[in-house]
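Structure data follow from data_19.pdb (PDB, C-alpha atoms and all ligand atoms):
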```
ATOM      1  CA  MET R  19     -38.355 -22.105  -7.746  1.00  0.00           C
ATOM      2  CA  SER R  20     -37.082 -18.709  -6.724  1.00  0.00           C
ATOM      3  CA  ALA R  21     -35.794 -16.266  -9.281  1.00  0.00           C
ATOM      4  CA  PRO R  22     -32.032 -16.238  -9.703  1.00  0.00           C
ATOM      5  CA  VAL R  23     -30.376 -13.458  -7.761  1.00  0.00           C
ATOM      6  CA  ALA R  24     -28.037 -11.325  -9.823  1.00  0.00           C
ATOM      7  CA  GLU R  25     -24.524 -11.548  -8.483  1.00  0.00           C
ATOM      8  CA  PRO R  26     -22.810  -8.176  -8.190  1.00  0.00           C
ATOM      9  CA  ALA R  27     -19.795  -7.860 -10.463  1.00  0.00           C
ATOM     10  CA  ARG R  28     -16.825  -8.659  -8.258  1.00  0.00           C
ATOM     11  CA  ARG R  29     -13.580  -7.377  -9.620  1.00  0.00           C
ATOM     12  CA  SER R  30     -10.583  -8.936  -7.992  1.00  0.00           C
ATOM     13  CA  ILE R  31      -7.585  -6.652  -7.648  1.00  0.00           C
ATOM     14  CA  GLU R  32      -4.105  -7.603  -6.518  1.00  0.00           C
ATOM     15  CA  VAL R  33      -2.301  -4.730  -4.831  1.00  0.00           C
ATOM     16  CA  VAL R  34       1.244  -4.641  -3.499  1.00  0.00           C
ATOM     17  CA  ALA R  35       2.652  -2.236  -0.915  1.00  0.00           C
ATOM     18  CA  GLY R  36       5.987  -1.664   0.796  1.00  0.00           C
ATOM     19  CA  VAL R  37       7.188  -0.977   4.316  1.00  0.00           C
ATOM     20  CA  ILE R  38       9.929   1.568   3.695  1.00  0.00           C
ATOM     21  CA  ARG R  39      12.132   2.610   6.626  1.00  0.00           C
ATOM     22  CA  ASP R  40      14.584   5.466   6.890  1.00  0.00           C
ATOM     23  CA  ALA R  41      17.868   5.429   8.803  1.00  0.00           C
ATOM     24  CA  ARG R  42      16.002   6.433  11.982  1.00  0.00           C
ATOM     25  CA  GLY R  43      13.536   3.579  11.658  1.00  0.00           C
ATOM     26  CA  ARG R  44      10.603   5.727  10.633  1.00  0.00           C
ATOM     27  CA  ILE R  45       8.142   4.266   8.120  1.00  0.00           C
ATOM     28  CA  LEU R  46       6.904   6.029   4.988  1.00  0.00           C
ATOM     29  CA  LEU R  47       3.206   6.693   4.422  1.00  0.00           C
ATOM     30  CA  ALA R  48       1.734   8.379   1.338  1.00  0.00           C
ATOM     31  CA  ARG R  49      -1.511  10.316   1.280  1.00  0.00           C
ATOM     32  CA  ARG R  50      -4.031   9.324  -1.388  1.00  0.00           C
ATOM     33  CA  THR R  51      -4.764  12.319  -3.593  1.00  0.00           C
ATOM     34  CA  GLU R  52      -8.127  13.968  -4.254  1.00  0.00           C
ATOM     35  CA  GLY R  53     -10.394  12.437  -6.845  1.00  0.00           C
ATOM     36  CA  ARG R  54      -9.406   8.828  -6.131  1.00  0.00           C
ATOM     37  CA  ASP R  55     -11.102   6.313  -3.925  1.00  0.00           C
ATOM     38  CA  LEU R  56     -10.085   6.661  -0.275  1.00  0.00           C
ATOM     39  CA  ALA R  57      -8.740  10.176  -0.931  1.00  0.00           C
ATOM     40  CA  GLY R  58      -6.942  11.679   2.044  1.00  0.00           C
ATOM     41  CA  ARG R  59      -6.136   8.351   3.682  1.00  0.00           C
ATOM     42  CA  TRP R  60      -2.523   7.500   4.477  1.00  0.00           C
ATOM     43  CA  GLU R  61      -1.285   4.259   2.922  1.00  0.00           C
ATOM     44  CA  PHE R  62       1.778   2.107   2.633  1.00  0.00           C
ATOM     45  CA  PRO R  63       3.003   3.069  -0.853  1.00  0.00           C
ATOM     46  CA  GLY R  64       2.322   0.718  -3.737  1.00  0.00           C
ATOM     47  CA  GLY R  65      -0.307  -0.108  -6.300  1.00  0.00           C
ATOM     48  CA  LYS R  66      -1.887  -2.645  -8.575  1.00  0.00           C
ATOM     49  CA  ARG R  67      -0.041  -5.616  -9.914  1.00  0.00           C
ATOM     50  CA  GLU R  68      -0.148  -5.798 -13.700  1.00  0.00           C
ATOM     51  CA  PRO R  69      -0.625  -9.004 -15.690  1.00  0.00           C
ATOM     52  CA  GLY R  70       2.576 -11.030 -15.855  1.00  0.00           C
ATOM     53  CA  GLU R  71       4.271  -9.182 -12.995  1.00  0.00           C
ATOM     54  CA  SER R  72       5.512 -10.856  -9.835  1.00  0.00           C
ATOM     55  CA  PRO R  73       4.546  -9.135  -6.584  1.00  0.00           C
ATOM     56  CA  GLU R  74       8.182  -8.072  -6.109  1.00  0.00           C
ATOM     57  CA  GLY R  75       8.433  -6.773  -9.676  1.00  0.00           C
ATOM     58  CA  ALA R  76       5.200  -4.836  -9.309  1.00  0.00           C
ATOM     59  CA  LEU R  77       6.348  -3.272  -6.047  1.00  0.00           C
ATOM     60  CA  VAL R  78       9.699  -2.199  -7.508  1.00  0.00           C
ATOM     61  CA  ARG R  79       7.879  -0.567 -10.440  1.00  0.00           C
ATOM     62  CA  GLU R  80       5.267   1.166  -8.273  1.00  0.00           C
ATOM     63  CA  LEU R  81       7.867   2.603  -5.898  1.00  0.00           C
ATOM     64  CA  ARG R  82       9.926   3.847  -8.842  1.00  0.00           C
ATOM     65  CA  GLU R  83       6.867   5.496 -10.447  1.00  0.00           C
ATOM     66  CA  GLU R  84       5.341   6.969  -7.300  1.00  0.00           C
ATOM     67  CA  LEU R  85       8.414   7.821  -5.220  1.00  0.00           C
ATOM     68  CA  GLY R  86      11.399   7.770  -7.572  1.00  0.00           C
ATOM     69  CA  ILE R  87      13.323   5.224  -5.528  1.00  0.00           C
ATOM     70  CA  GLU R  88      14.985   1.955  -6.528  1.00  0.00           C
ATOM     71  CA  ALA R  89      13.883  -0.606  -3.962  1.00  0.00           C
ATOM     72  CA  GLU R  90      15.153  -4.018  -2.932  1.00  0.00           C
ATOM     73  CA  ILE R  91      12.263  -6.115  -1.750  1.00  0.00           C
ATOM     74  CA  GLY R  92      12.589  -8.143   1.444  1.00  0.00           C
ATOM     75  CA  ASP R  93      10.368 -10.268   3.636  1.00  0.00           C
ATOM     76  CA  HIS R  94       6.651 -10.742   3.248  1.00  0.00           C
ATOM     77  CA  VAL R  95       4.802  -8.960   6.083  1.00  0.00           C
ATOM     78  CA  ILE R  96       1.115  -9.814   5.591  1.00  0.00           C
ATOM     79  CA  THR R  97      -1.492 -10.356   2.897  1.00  0.00           C
ATOM     80  CA  VAL R  98      -4.783  -8.666   3.713  1.00  0.00           C
ATOM     81  CA  PRO R  99      -7.993  -9.709   1.923  1.00  0.00           C
ATOM     82  CA  GLN R 100     -10.478  -6.868   1.731  1.00  0.00           C
ATOM     83  CA  GLN R 101     -14.031  -6.914   0.401  1.00  0.00           C
ATOM     84  CA  TYR R 102     -15.271  -3.563  -0.879  1.00  0.00           C
ATOM     85  CA  PRO R 103     -18.855  -3.150  -2.186  1.00  0.00           C
ATOM     86  CA  ASP R 104     -17.691  -3.281  -5.793  1.00  0.00           C
ATOM     87  CA  LYS R 105     -14.465  -5.267  -5.676  1.00  0.00           C
ATOM     88  CA  HIS R 106     -12.326  -7.749  -3.848  1.00  0.00           C
ATOM     89  CA  LEU R 107      -8.857  -6.565  -3.043  1.00  0.00           C
ATOM     90  CA  SER R 108      -5.837  -8.490  -1.876  1.00  0.00           C
ATOM     91  CA  LEU R 109      -3.092  -6.325  -0.366  1.00  0.00           C
ATOM     92  CA  ASP R 110       0.315  -8.029  -0.341  1.00  0.00           C
ATOM     93  CA  VAL R 111       2.758  -6.155   1.902  1.00  0.00           C
ATOM     94  CA  ARG R 112       6.526  -6.595   1.875  1.00  0.00           C
ATOM     95  CA  GLU R 113       9.467  -5.049   3.619  1.00  0.00           C
ATOM     96  CA  VAL R 114      11.723  -2.836   1.546  1.00  0.00           C
ATOM     97  CA  ARG R 115      15.145  -4.096   2.607  1.00  0.00           C
ATOM     98  CA  ALA R 116      17.046  -1.181   1.066  1.00  0.00           C
ATOM     99  CA  PHE R 117      16.494   1.589  -1.425  1.00  0.00           C
ATOM    100  CA  SER R 118      18.472   4.202  -3.318  1.00  0.00           C
ATOM    101  CA  GLY R 119      17.342   7.711  -4.157  1.00  0.00           C
ATOM    102  CA  THR R 120      15.234  10.196  -2.223  1.00  0.00           C
ATOM    103  CA  ALA R 121      11.550   9.450  -1.840  1.00  0.00           C
ATOM    104  CA  ARG R 122       9.393  12.221  -3.320  1.00  0.00           C
ATOM    105  CA  GLY R 123       5.674  12.272  -4.029  1.00  0.00           C
ATOM    106  CA  ARG R 124       6.038  12.133  -7.805  1.00  0.00           C
ATOM    107  CA  GLU R 125       2.291  12.045  -8.366  1.00  0.00           C
ATOM    108  CA  GLY R 126       1.516  15.022  -6.118  1.00  0.00           C
ATOM    109  CA  GLN R 127       0.923  12.925  -3.022  1.00  0.00           C
ATOM    110  CA  ALA R 128       2.083  14.099   0.401  1.00  0.00           C
ATOM    111  CA  LEU R 129       4.578  11.858   2.184  1.00  0.00           C
ATOM    112  CA  VAL R 130       5.319  11.470   5.861  1.00  0.00           C
ATOM    113  CA  TRP R 131       7.928   9.482   7.779  1.00  0.00           C
ATOM    114  CA  VAL R 132       6.264   8.071  10.874  1.00  0.00           C
ATOM    115  CA  PRO R 133       7.818   6.533  13.988  1.00  0.00           C
ATOM    116  CA  PRO R 134       6.331   2.995  14.143  1.00  0.00           C
ATOM    117  CA  HIS R 135       4.519   3.608  17.429  1.00  0.00           C
ATOM    118  CA  LYS R 136       2.641   6.519  15.826  1.00  0.00           C
ATOM    119  CA  LEU R 137       1.347   4.641  12.761  1.00  0.00           C
ATOM    120  CA  ALA R 138      -2.019   3.952  14.383  1.00  0.00           C
ATOM    121  CA  ALA R 139      -2.734   7.700  14.553  1.00  0.00           C
ATOM    122  CA  TYR R 140      -3.002   7.931  10.744  1.00  0.00           C
ATOM    123  CA  GLU R 141      -6.306   7.313   9.030  1.00  0.00           C
ATOM    124  CA  MET R 142      -5.668   4.506   6.556  1.00  0.00           C
ATOM    125  CA  PRO R 143      -7.553   2.549   3.900  1.00  0.00           C
ATOM    126  CA  PRO R 144      -9.231  -0.426   5.622  1.00  0.00           C
ATOM    127  CA  ALA R 145      -6.770  -2.891   4.064  1.00  0.00           C
ATOM    128  CA  ASP R 146      -3.769  -1.097   5.604  1.00  0.00           C
ATOM    129  CA  VAL R 147      -5.044  -1.167   9.188  1.00  0.00           C
ATOM    130  CA  PRO R 148      -4.047  -4.816   9.874  1.00  0.00           C
ATOM    131  CA  VAL R 149      -0.576  -4.059   8.521  1.00  0.00           C
ATOM    132  CA  VAL R 150       0.137  -1.846  11.524  1.00  0.00           C
ATOM    133  CA  ALA R 151      -0.578  -4.732  13.902  1.00  0.00           C
ATOM    134  CA  ALA R 152       1.486  -7.099  11.736  1.00  0.00           C
ATOM    135  CA  LEU R 153       4.418  -4.730  12.257  1.00  0.00           C
ATOM    136  CA  GLY R 154       4.032  -5.228  15.982  1.00  0.00           C
ATOM    137  CA  GLN R 155       2.440  -1.856  16.693  1.00  0.00           C
ATOM    138  CA  PRO R 156      -0.633  -1.525  18.915  1.00  0.00           C
TER     139      PRO R 156
HETATM  140  N1  LIG B 201      -4.854   0.304  -1.630  1.00  0.00           N
HETATM  141  C1  LIG B 201      -4.884   0.125  -0.295  1.00  0.00           C
HETATM  142  N2  LIG B 201      -3.763   0.210   0.421  1.00  0.00           N
HETATM  143  C2  LIG B 201      -2.563   0.456  -0.171  1.00  0.00           C
HETATM  144  C3  LIG B 201      -2.508   0.638  -1.583  1.00  0.00           C
HETATM  145  C4  LIG B 201      -1.207   0.919  -2.276  1.00  0.00           C
HETATM  146  C5  LIG B 201      -3.699   0.551  -2.294  1.00  0.00           C
HETATM  147  N3  LIG B 201      -1.456   0.530   0.606  1.00  0.00           N
HETATM  148  C6  LIG B 201      -6.119   0.200  -2.367  1.00  0.00           C
HETATM  149  C7  LIG B 201      -6.701   1.509  -2.796  1.00  0.00           C
HETATM  150  C8  LIG B 201      -7.423   1.178  -4.055  1.00  0.00           C
HETATM  151  C9  LIG B 201      -6.685  -0.027  -4.615  1.00  0.00           C
HETATM  152  O1  LIG B 201      -5.892  -0.539  -3.559  1.00  0.00           O
HETATM  153  O2  LIG B 201      -8.742   0.783  -3.724  1.00  0.00           O
HETATM  154  C10 LIG B 201      -5.812   0.264  -5.812  1.00  0.00           C
HETATM  155  O3  LIG B 201      -4.839   1.208  -5.456  1.00  0.00           O
HETATM  156  P1  LIG B 201      -4.493   2.442  -6.438  1.00  0.00           P
HETATM  157  O4  LIG B 201      -4.058   1.822  -7.732  1.00  0.00           O
HETATM  158  O5  LIG B 201      -5.748   3.257  -6.550  1.00  0.00           O
HETATM  159  O6  LIG B 201      -3.381   3.181  -5.752  1.00  0.00           O
HETATM  160 MG    MG B 202      -0.714   3.531  -5.870  1.00  0.00          MG
END
```
Now that the file is in, can you turn its structure into structure tokens?
Amino acid sequence: MSAPVAEPARRSIEVVAGVIRDARGRILLARRTEGRDLAGRWEFPGGKREPGESPEGALVRELREELGIEAEIGDHVITVPQQYPDKHLSLDVREVRAFSGTARGREGQALVWVPPHKLAAYEMPPADVPVVAALGQP
């Protein structure tokens, strides 16, 4: 019999993110800050779902904490499964139907409003790349 192979610890993380559009139809990306994984990449804003939270509830909280906006969550866009070396991540992306307040990087992160056809020019975390196609952008 062969020796049992140690399974790597696989954390499973549920992450939610929003597609936030301004009056001109541009979409908001946030730049991941230094010292975190994937620093410097541009992402659809959001974060980890906490125990007991719905995806919508988690997204409302994350957008309030990170951007200072009050969001109304709309349609589901895509759920992207992503295997990293040390963890499994599921990125659940939803449209933000409306929001109040002015989006600001409340955690020091840079923000940019991007015309949809220019999204593909931004270097993103791997999980965010399929979101661009799901939004109908090449
Ligand atoms: N992540 C990927 N794309 C996104 C978001 C919001 C998050 N649009 C990934 C980066 C991290 C993990 O999810 O590996 C947890 O995110 P955070 O809590 O570090 O922001
Ligand atoms: Mg976050």
message = When you look at Ser72 (chain R) with a cut-off of 12 Å (counting only C-alpha atoms), what residues show up, excluding the ones that are within fewer than 4 positions of it in the same chain? I need them as a count of residues only.
response = 12
Spell out the residues picked by the PyMOL selection byres (((chain R and resi 82) around 12) and not hetatm) here, as an MDAnalysis selection string.
chainID R and resid 36 63:65 75:81 83:90 117:125
| task | Run through the PyMOL selection byres (((chain R and resi 46) around 7) and not hetatm) on the given coordinates and return the selected residues as a count of residues only. | result | 11
Next on the checklist: Residue by residue, what does the PyMOL selection byres (((chain R and resi 60) around 7) and not hetatm) grab here? Present the result as a PyMOL selection string.
Outcome noted: chain R and resi 47-50+58-59+61+140-142
Between atom C10 of ligand LIG 201 (chain B) and CA of Pro73 (chain R) lies a distance of 14.0 Å
What would region 60-71 of chain R look like with all heavy atoms in place, written as an mmCIF file, in the coordinates of the input?
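Saved to rebuild.cif:
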```cif
data_model
loop_
_atom_site.group_PDB
_atom_site.id
_atom_site.type_symbol
_atom_site.label_atom_id
_atom_site.label_comp_id
_atom_site.auth_asym_id
_atom_site.auth_seq_id
_atom_site.Cartn_x
_atom_site.Cartn_y
_atom_site.Cartn_z
ATOM 1 N N TRP R 60 -3.971 7.753 4.525
ATOM 2 C CA TRP R 60 -2.523 7.500 4.477
ATOM 3 C C TRP R 60 -2.286 6.006 4.265
ATOM 4 O O TRP R 60 -2.798 5.188 5.029
ATOM 5 C CB TRP R 60 -1.878 7.970 5.780
ATOM 6 C CG TRP R 60 -1.943 9.461 5.945
ATOM 7 C CD1 TRP R 60 -2.926 10.172 6.577
ATOM 8 C CD2 TRP R 60 -1.010 10.416 5.437
ATOM 9 N NE1 TRP R 60 -2.653 11.516 6.507
ATOM 10 C CE2 TRP R 60 -1.490 11.698 5.820
ATOM 11 C CE3 TRP R 60 0.181 10.324 4.707
ATOM 12 C CZ2 TRP R 60 -0.807 12.869 5.501
ATOM 13 C CZ3 TRP R 60 0.846 11.504 4.391
ATOM 14 C CH2 TRP R 60 0.357 12.754 4.788
ATOM 15 N N GLU R 61 -1.480 5.670 3.268
ATOM 16 C CA GLU R 61 -1.285 4.259 2.922
ATOM 17 C C GLU R 61 0.199 3.904 2.842
ATOM 18 O O GLU R 61 1.056 4.770 2.670
ATOM 19 C CB GLU R 61 -1.951 3.944 1.578
ATOM 20 C CG GLU R 61 -1.279 4.626 0.399
ATOM 21 C CD GLU R 61 -1.933 4.334 -0.945
ATOM 22 O OE1 GLU R 61 -3.037 3.759 -0.991
ATOM 23 O OE2 GLU R 61 -1.322 4.705 -1.962
ATOM 24 N N PHE R 62 0.458 2.619 2.968
ATOM 25 C CA PHE R 62 1.778 2.107 2.633
ATOM 26 C C PHE R 62 1.885 2.173 1.112
ATOM 27 O O PHE R 62 1.002 1.676 0.407
ATOM 28 C CB PHE R 62 1.943 0.676 3.156
ATOM 29 C CG PHE R 62 1.900 0.610 4.664
ATOM 30 C CD1 PHE R 62 0.694 0.388 5.332
ATOM 31 C CD2 PHE R 62 3.051 0.826 5.412
ATOM 32 C CE1 PHE R 62 0.638 0.365 6.726
ATOM 33 C CE2 PHE R 62 3.004 0.808 6.814
ATOM 34 C CZ PHE R 62 1.801 0.577 7.470
ATOM 35 N N PRO R 63 2.953 2.808 0.590
ATOM 36 C CA PRO R 63 3.003 3.069 -0.853
ATOM 37 C C PRO R 63 3.014 1.780 -1.679
ATOM 38 O O PRO R 63 3.612 0.779 -1.298
ATOM 39 C CB PRO R 63 4.331 3.820 -1.023
ATOM 40 C CG PRO R 63 4.619 4.408 0.318
ATOM 41 C CD PRO R 63 4.078 3.420 1.311
ATOM 42 N N GLY R 64 2.374 1.862 -2.834
ATOM 43 C CA GLY R 64 2.322 0.718 -3.737
ATOM 44 C C GLY R 64 1.204 0.900 -4.734
ATOM 45 O O GLY R 64 0.760 2.012 -4.980
ATOM 46 N N GLY R 65 0.761 -0.199 -5.317
ATOM 47 C CA GLY R 65 -0.307 -0.108 -6.300
ATOM 48 C C GLY R 65 -0.630 -1.451 -6.903
ATOM 49 O O GLY R 65 -0.217 -2.491 -6.392
ATOM 50 N N LYS R 66 -1.358 -1.415 -7.984
ATOM 51 C CA LYS R 66 -1.887 -2.645 -8.575
ATOM 52 C C LYS R 66 -0.816 -3.431 -9.328
ATOM 53 O O LYS R 66 -0.017 -2.861 -10.055
ATOM 54 C CB LYS R 66 -2.999 -2.297 -9.569
ATOM 55 C CG LYS R 66 -4.235 -1.699 -8.949
ATOM 56 C CD LYS R 66 -5.320 -1.555 -10.017
ATOM 57 C CE LYS R 66 -6.451 -0.653 -9.554
ATOM 58 N NZ LYS R 66 -6.180 0.769 -9.764
ATOM 59 N N ARG R 67 -0.899 -4.716 -9.147
ATOM 60 C CA ARG R 67 -0.041 -5.616 -9.914
ATOM 61 C C ARG R 67 -0.599 -5.741 -11.319
ATOM 62 O O ARG R 67 -1.800 -5.906 -11.500
ATOM 63 C CB ARG R 67 -0.017 -6.971 -9.212
ATOM 64 C CG ARG R 67 0.872 -7.988 -9.855
ATOM 65 C CD ARG R 67 1.488 -8.879 -8.785
ATOM 66 N NE ARG R 67 0.581 -9.883 -8.255
ATOM 67 C CZ ARG R 67 0.496 -11.130 -8.759
ATOM 68 N NH1 ARG R 67 1.220 -11.493 -9.790
ATOM 69 N NH2 ARG R 67 -0.319 -11.991 -8.197
ATOM 70 N N GLU R 68 0.289 -5.664 -12.312
ATOM 71 C CA GLU R 68 -0.148 -5.798 -13.700
ATOM 72 C C GLU R 68 0.014 -7.242 -14.156
ATOM 73 O O GLU R 68 0.785 -7.994 -13.573
ATOM 74 C CB GLU R 68 0.667 -4.837 -14.589
ATOM 75 C CG GLU R 68 0.301 -3.384 -14.305
ATOM 76 C CD GLU R 68 1.137 -2.372 -15.064
ATOM 77 O OE1 GLU R 68 2.048 -2.770 -15.824
ATOM 78 O OE2 GLU R 68 0.867 -1.169 -14.876
ATOM 79 N N PRO R 69 -0.716 -7.625 -15.214
ATOM 80 C CA PRO R 69 -0.625 -9.004 -15.690
ATOM 81 C C PRO R 69 0.823 -9.379 -16.000
ATOM 82 O O PRO R 69 1.552 -8.593 -16.599
ATOM 83 C CB PRO R 69 -1.466 -8.994 -16.979
ATOM 84 C CG PRO R 69 -2.393 -7.836 -16.840
ATOM 85 C CD PRO R 69 -1.675 -6.817 -16.003
ATOM 86 N N GLY R 70 1.226 -10.548 -15.559
ATOM 87 C CA GLY R 70 2.576 -11.030 -15.855
ATOM 88 C C GLY R 70 3.636 -10.581 -14.871
ATOM 89 O O GLY R 70 4.764 -11.068 -14.924
ATOM 90 N N GLU R 71 3.287 -9.649 -13.970
ATOM 91 C CA GLU R 71 4.271 -9.182 -12.995
ATOM 92 C C GLU R 71 4.262 -10.054 -11.748
ATOM 93 O O GLU R 71 3.204 -10.490 -11.294
ATOM 94 C CB GLU R 71 3.928 -7.758 -12.538
ATOM 95 C CG GLU R 71 4.461 -6.667 -13.408
ATOM 96 C CD GLU R 71 4.168 -5.288 -12.824
ATOM 97 O OE1 GLU R 71 3.121 -5.090 -12.184
ATOM 98 O OE2 GLU R 71 4.998 -4.406 -13.035
#
```
